[in-house]
Every structure is written in structure tokens, then in C-alpha cells.
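Dumped protein.pdb below, it's PDB, C-alpha atoms and all ligand atoms:
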```
ATOM      1  CA  MET A   1       0.000   0.000   0.000  1.00  0.00           C
ATOM      2  CA  PRO A   2       1.478   3.365  -0.978  1.00  0.00           C
ATOM      3  CA  ALA A   3       1.667   5.934   1.791  1.00  0.00           C
ATOM      4  CA  THR A   4      -1.051   8.568   1.857  1.00  0.00           C
ATOM      5  CA  LYS A   5      -0.301  12.274   2.034  1.00  0.00           C
ATOM      6  CA  GLU A   6      -1.808  12.270   5.539  1.00  0.00           C
ATOM      7  CA  GLN A   7       0.634   9.588   6.703  1.00  0.00           C
ATOM      8  CA  ILE A   8       3.543  11.539   5.276  1.00  0.00           C
ATOM      9  CA  ILE A   9       2.381  14.767   6.946  1.00  0.00           C
ATOM     10  CA  ALA A  10       1.960  12.907  10.262  1.00  0.00           C
ATOM     11  CA  SER A  11       5.512  11.553  10.025  1.00  0.00           C
ATOM     12  CA  LEU A  12       6.851  15.013   9.143  1.00  0.00           C
ATOM     13  CA  ARG A  13       5.006  16.500  12.122  1.00  0.00           C
ATOM     14  CA  GLN A  14       6.518  13.877  14.393  1.00  0.00           C
ATOM     15  CA  ALA A  15       9.978  14.706  13.033  1.00  0.00           C
ATOM     16  CA  TYR A  16       9.262  18.402  13.614  1.00  0.00           C
ATOM     17  CA  ASN A  17       8.250  17.577  17.202  1.00  0.00           C
ATOM     18  CA  MET A  18      11.483  15.617  17.759  1.00  0.00           C
ATOM     19  CA  GLU A  19      13.640  18.433  16.393  1.00  0.00           C
ATOM     20  CA  VAL A  20      11.934  21.074  18.533  1.00  0.00           C
ATOM     21  CA  GLU A  21      12.285  18.920  21.647  1.00  0.00           C
ATOM     22  CA  THR A  22      15.958  18.332  20.835  1.00  0.00           C
ATOM     23  CA  VAL A  23      16.490  22.093  20.527  1.00  0.00           C
ATOM     24  CA  ILE A  24      14.900  22.603  23.970  1.00  0.00           C
ATOM     25  CA  ASN A  25      17.091  19.940  25.583  1.00  0.00           C
ATOM     26  CA  TYR A  26      20.349  20.870  23.844  1.00  0.00           C
ATOM     27  CA  LEU A  27      19.676  24.431  24.981  1.00  0.00           C
ATOM     28  CA  ALA A  28      18.965  23.323  28.567  1.00  0.00           C
ATOM     29  CA  ASN A  29      22.056  21.106  28.787  1.00  0.00           C
ATOM     30  CA  SER A  30      24.314  23.684  27.112  1.00  0.00           C
ATOM     31  CA  LEU A  31      23.382  26.041  29.960  1.00  0.00           C
ATOM     32  CA  HIS A  32      23.104  23.506  32.770  1.00  0.00           C
ATOM     33  CA  ILE A  33      26.387  21.593  32.838  1.00  0.00           C
ATOM     34  CA  GLU A  34      29.558  23.094  34.251  1.00  0.00           C
ATOM     35  CA  GLY A  35      33.196  22.412  34.971  1.00  0.00           C
ATOM     36  CA  VAL A  36      36.392  22.028  32.975  1.00  0.00           C
ATOM     37  CA  ARG A  37      35.193  18.870  31.210  1.00  0.00           C
ATOM     38  CA  ALA A  38      31.832  20.437  30.384  1.00  0.00           C
ATOM     39  CA  GLU A  39      33.090  23.505  28.549  1.00  0.00           C
ATOM     40  CA  PHE A  40      33.703  21.832  25.197  1.00  0.00           C
ATOM     41  CA  ILE A  41      30.387  19.963  25.223  1.00  0.00           C
ATOM     42  CA  LYS A  42      28.525  23.150  26.126  1.00  0.00           C
ATOM     43  CA  GLN A  43      29.973  24.759  22.999  1.00  0.00           C
ATOM     44  CA  ALA A  44      29.187  21.750  20.792  1.00  0.00           C
ATOM     45  CA  LEU A  45      25.576  21.720  22.006  1.00  0.00           C
ATOM     46  CA  ALA A  46      25.201  25.469  21.553  1.00  0.00           C
ATOM     47  CA  THR A  47      26.330  25.058  17.938  1.00  0.00           C
ATOM     48  CA  ASP A  48      24.037  22.081  17.280  1.00  0.00           C
ATOM     49  CA  ILE A  49      20.969  24.013  18.475  1.00  0.00           C
ATOM     50  CA  GLN A  50      21.151  26.059  15.266  1.00  0.00           C
ATOM     51  CA  GLY A  51      21.429  22.926  13.120  1.00  0.00           C
ATOM     52  CA  GLU A  52      18.444  21.207  14.742  1.00  0.00           C
ATOM     53  CA  LEU A  53      16.415  24.420  14.503  1.00  0.00           C
ATOM     54  CA  THR A  54      17.160  24.524  10.778  1.00  0.00           C
ATOM     55  CA  HIS A  55      15.866  20.950  10.506  1.00  0.00           C
ATOM     56  CA  ALA A  56      12.614  21.998  12.173  1.00  0.00           C
ATOM     57  CA  GLN A  57      12.285  24.902   9.731  1.00  0.00           C
ATOM     58  CA  GLN A  58      12.913  22.657   6.723  1.00  0.00           C
ATOM     59  CA  LEU A  59      10.375  20.097   7.959  1.00  0.00           C
ATOM     60  CA  GLY A  60       7.849  22.845   8.667  1.00  0.00           C
ATOM     61  CA  ASN A  61       8.249  24.217   5.138  1.00  0.00           C
ATOM     62  CA  ARG A  62       7.579  20.781   3.692  1.00  0.00           C
ATOM     63  CA  ILE A  63       4.525  20.272   5.920  1.00  0.00           C
ATOM     64  CA  LYS A  64       3.173  23.568   4.561  1.00  0.00           C
ATOM     65  CA  GLN A  65       3.879  22.565   0.961  1.00  0.00           C
ATOM     66  CA  LEU A  66       1.816  19.421   1.535  1.00  0.00           C
ATOM     67  CA  GLY A  67      -1.066  21.431   2.993  1.00  0.00           C
ATOM     68  CA  GLY A  68      -0.534  20.529   6.648  1.00  0.00           C
ATOM     69  CA  GLY A  69      -0.518  22.756   9.711  1.00  0.00           C
ATOM     70  CA  ILE A  70       2.371  23.399  12.087  1.00  0.00           C
ATOM     71  CA  PRO A  71       1.797  22.353  15.716  1.00  0.00           C
ATOM     72  CA  GLY A  72       2.340  24.889  18.471  1.00  0.00           C
ATOM     73  CA  SER A  73       3.535  23.990  21.950  1.00  0.00           C
ATOM     74  CA  VAL A  74       0.102  22.760  23.101  1.00  0.00           C
ATOM     75  CA  HIS A  75       0.168  20.104  20.380  1.00  0.00           C
ATOM     76  CA  LEU A  76       3.749  18.986  20.869  1.00  0.00           C
ATOM     77  CA  LYS A  77       4.573  15.908  22.936  1.00  0.00           C
ATOM     78  CA  MET A  78       7.653  16.014  25.133  1.00  0.00           C
ATOM     79  CA  THR A  79       9.060  12.566  25.938  1.00  0.00           C
ATOM     80  CA  GLN A  80      12.865  12.833  25.639  1.00  0.00           C
ATOM     81  CA  SER A  81      13.701  11.782  29.208  1.00  0.00           C
ATOM     82  CA  SER A  82      17.300  10.773  28.403  1.00  0.00           C
ATOM     83  CA  LEU A  83      18.180  14.418  27.800  1.00  0.00           C
ATOM     84  CA  GLU A  84      16.755  15.772  31.032  1.00  0.00           C
ATOM     85  CA  PRO A  85      19.640  17.796  32.534  1.00  0.00           C
ATOM     86  CA  PRO A  86      21.418  15.683  35.210  1.00  0.00           C
ATOM     87  CA  ALA A  87      21.222  16.433  38.947  1.00  0.00           C
ATOM     88  CA  ASP A  88      25.036  16.326  39.006  1.00  0.00           C
ATOM     89  CA  THR A  89      25.872  19.357  36.844  1.00  0.00           C
ATOM     90  CA  THR A  90      29.350  17.978  36.094  1.00  0.00           C
ATOM     91  CA  ASP A  91      28.009  14.669  34.741  1.00  0.00           C
ATOM     92  CA  VAL A  92      29.040  15.354  31.148  1.00  0.00           C
ATOM     93  CA  LEU A  93      28.921  11.653  30.217  1.00  0.00           C
ATOM     94  CA  HIS A  94      25.209  11.544  31.023  1.00  0.00           C
ATOM     95  CA  VAL A  95      24.605  14.377  28.565  1.00  0.00           C
ATOM     96  CA  ILE A  96      26.760  12.782  25.848  1.00  0.00           C
ATOM     97  CA  ARG A  97      24.825   9.515  26.211  1.00  0.00           C
ATOM     98  CA  GLY A  98      21.542  11.434  26.085  1.00  0.00           C
ATOM     99  CA  VAL A  99      22.601  13.184  22.881  1.00  0.00           C
ATOM    100  CA  LEU A 100      23.548   9.842  21.318  1.00  0.00           C
ATOM    101  CA  LYS A 101      20.145   8.404  22.207  1.00  0.00           C
ATOM    102  CA  ALA A 102      18.360  11.411  20.686  1.00  0.00           C
ATOM    103  CA  GLU A 103      20.453  11.163  17.520  1.00  0.00           C
ATOM    104  CA  GLU A 104      19.765   7.403  17.260  1.00  0.00           C
ATOM    105  CA  GLU A 105      16.041   8.061  17.553  1.00  0.00           C
ATOM    106  CA  ALA A 106      16.220  10.764  14.899  1.00  0.00           C
ATOM    107  CA  ILE A 107      18.169   8.439  12.585  1.00  0.00           C
ATOM    108  CA  ALA A 108      15.556   5.692  13.034  1.00  0.00           C
ATOM    109  CA  HIS A 109      12.724   8.137  12.342  1.00  0.00           C
ATOM    110  CA  TYR A 110      14.305   9.538   9.155  1.00  0.00           C
ATOM    111  CA  LYS A 111      15.018   6.041   7.877  1.00  0.00           C
ATOM    112  CA  ALA A 112      11.341   5.185   8.394  1.00  0.00           C
ATOM    113  CA  LEU A 113      10.298   8.397   6.618  1.00  0.00           C
ATOM    114  CA  ILE A 114      12.585   7.568   3.686  1.00  0.00           C
ATOM    115  CA  LYS A 115      10.865   4.178   3.372  1.00  0.00           C
ATOM    116  CA  LEU A 116       7.394   5.675   3.796  1.00  0.00           C
ATOM    117  CA  THR A 117       7.923   8.156   0.980  1.00  0.00           C
ATOM    118  CA  ASP A 118       9.635   5.739  -1.390  1.00  0.00           C
ATOM    119  CA  GLY A 119       8.093   5.907  -4.850  1.00  0.00           C
ATOM    120  CA  GLU A 120       5.509   8.381  -3.534  1.00  0.00           C
ATOM    121  CA  ASP A 121       7.014  11.705  -2.466  1.00  0.00           C
ATOM    122  CA  TYR A 122      10.543  12.312  -3.671  1.00  0.00           C
ATOM    123  CA  VAL A 123      10.826  15.840  -2.304  1.00  0.00           C
ATOM    124  CA  THR A 124      10.106  14.725   1.269  1.00  0.00           C
ATOM    125  CA  GLN A 125      12.371  11.727   0.747  1.00  0.00           C
ATOM    126  CA  ASP A 126      15.204  13.978  -0.436  1.00  0.00           C
ATOM    127  CA  LEU A 127      14.779  16.189   2.640  1.00  0.00           C
ATOM    128  CA  ALA A 128      14.738  13.158   4.950  1.00  0.00           C
ATOM    129  CA  ILE A 129      17.957  11.849   3.361  1.00  0.00           C
ATOM    130  CA  THR A 130      19.667  15.233   3.771  1.00  0.00           C
ATOM    131  CA  ILE A 131      18.671  15.500   7.447  1.00  0.00           C
ATOM    132  CA  LEU A 132      19.598  11.831   8.029  1.00  0.00           C
ATOM    133  CA  SER A 133      23.101  12.640   6.809  1.00  0.00           C
ATOM    134  CA  ASP A 134      23.338  15.521   9.320  1.00  0.00           C
ATOM    135  CA  GLU A 135      22.154  13.291  12.198  1.00  0.00           C
ATOM    136  CA  GLU A 136      24.661  10.585  11.294  1.00  0.00           C
ATOM    137  CA  GLY A 137      27.326  13.292  11.411  1.00  0.00           C
ATOM    138  CA  HIS A 138      26.161  14.350  14.885  1.00  0.00           C
ATOM    139  CA  ARG A 139      26.219  10.734  16.037  1.00  0.00           C
ATOM    140  CA  GLN A 140      29.785  10.281  14.817  1.00  0.00           C
ATOM    141  CA  GLN A 141      30.843  13.509  16.523  1.00  0.00           C
ATOM    142  CA  PHE A 142      29.342  12.490  19.886  1.00  0.00           C
ATOM    143  CA  GLU A 143      30.621   8.911  19.622  1.00  0.00           C
ATOM    144  CA  GLY A 144      34.074  10.484  19.495  1.00  0.00           C
ATOM    145  CA  TYR A 145      33.316  12.566  22.589  1.00  0.00           C
ATOM    146  CA  LEU A 146      31.992   9.480  24.358  1.00  0.00           C
ATOM    147  CA  LYS A 147      35.238   7.640  23.661  1.00  0.00           C
ATOM    148  CA  GLU A 148      37.369  10.458  24.966  1.00  0.00           C
ATOM    149  CA  TYR A 149      35.233  11.348  28.003  1.00  0.00           C
ATOM    150  CA  SER A 150      34.901   7.674  29.008  1.00  0.00           C
ATOM    151  CA  LYS A 151      38.672   7.486  29.538  1.00  0.00           C
ATOM    152  CA  GLY A 152      39.714   7.395  33.170  1.00  0.00           C
ATOM    153  CA  LYS A 153      36.108   7.147  34.323  1.00  0.00           C
TER     154      LYS A 153
HETATM  155 FE    FE B 201      17.951  17.271  13.616  1.00  0.00          FE
HETATM  156 FE    FE B 202      21.176  15.962  15.379  1.00  0.00          FE
END
```
In C-alpha cells, how does this file's structure come out?
Ligand SMILES: [Fe+2]
Ligand SMILES: [Fe+2]
Amino acid sequence: MPATKEQIIASLRQAYNMEVETVINYLANSLHIEGVRAEFIKQALATDIQGELTHAQQLGNRIKQLGGGIPGSVHLKMTQSSLEPPADTTDVLHVIRGVLKAEEEAIAHYKALIKLTDGEDYVTQDLAITILSDEEGHRQQFEGYLKEYSKGK
């Protein structure tokens, strides 16, 4: 069964929701953590906020092109518990692991969207592939940080 436009819009809206929630949590963690080890990760997160915000804008544009509406905060669902800022504000590893989980979830969602749109909606598929490439880049970046920050722990 080919995907309907409604299914594609629903998947795009879910992706939009995930990106917005990621922006909120990267912002929170970039402000929350502290200490010598935290400084670099704070900067990396602050930079990534802009990238994830751009993803949300690109997804929103596509939702509009397909005739869908953009959800405001009342219609967004917030579930990303792994990125809740840690009680120990120097627990940088917790944040790195949370970022990796968020990126894995994004990668899984974009792969599903690529399949959903296959043969049906090439423009959305192209966008999903482009964003997937960004998320795989983020994952690689944070896997490197995980390696380094895990040393001597
Ligand atoms: Fe993203
Ligand atoms: Fe990302």
C-alpha cells in the first residue's frame, strides 16, 4: 500500500516535534552543565541548536507545501527523558549519552520516513535523506566525545 499524504504529513510532524524537543534539551544542557570537562560539550551543544532548529524549519516548510498545519507547543509531545539535565551538573557523560540516544532516535525516524515516501514523495524523501546525513554526522561527533570522556572514568 502506498503511503497517503496524511501519513507523510503525520511523520513530518513527528519529526518536527522531535527536532523542537531536541532544541529545547540541547539548549537546557548547554546552559546547565559546568566544569572544565563540560566547557567543550557546552559549545558543541550550543552550535548544534542552530542545526536542529534549521531541521525543524525545513520540515515545517515541507509540511506547509503538503497542505498541513504546524503544531504549536500545546500540540507537541515532550518525551525525551534521556536528555533531562542531570542532577550532578558535572556529569558530562550523562549528557553525551543522552545526545547519542536522541540522535539514534532521529536516525531511526528519518530512515522510516525515507521508506514511507519511497516511490511516492521524492521531495520529502530527499529532505529526509539530507537530514539523516546531518544526524549521522552528529552521532559520529558524539561517539568520538563518548570515547574520549569515558577514559579514566
Ligand atoms: Fe535534527
Ligand atoms: Fe542531530
For this session: Please write the residues picked by the PyMOL selection byres (((not hetatm)) within 8 of (chain B and resi 201)) on this file as a list in words.
Result: Met18, Glu19, Thr22, Gly51, Glu52, Leu53, Thr54, His55, Ala56, Glu103, Ala106, Ile131, Leu132, Asp134 and Glu135 of chain A
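Between CA of Glu39 (chain A) and CA of Thr130 (chain A) the interatomic distance comes to 29.4 Å.
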For this session: Let me know the residues the PyMOL selection byres (((chain A and resi 12) around 10) and not hetatm) catches in the file above, as a VMD selection string.
Result: chain A and resid 6 to 11 13 to 18 56 59 to 60 62 to 63 68 70 109 to 110 113 124 128
Seminar exercise, completed: CA of Ser30 (chain A) to CA of Gln43 (chain A) measures 7.1 Å
Exercise. Using all atoms listed in the file, which residues sit within 10 Å of Leu83 (chain A) once same-chain residues fewer than 2 positions away are excluded, as a count of residues only?
Worked result: 21
Exercise. So which residues fall inside 12 Å of (10.7, 10.1, -2.7) if we count all atoms listed in the file? Mind giving them as a list in words?
Worked result: Pro2, Ala3, Ile8, Leu113, Ile114, Lys115, Leu116, Thr117, Asp118, Gly119, Glu120, Asp121, Tyr122, Val123, Thr124, Gln125, Asp126, Leu127, Ala128 and Ile129 of chain A
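Distance-wise, CA of His32 (chain A) and CA of Thr89 (chain A) end up 6.4 Å apart.
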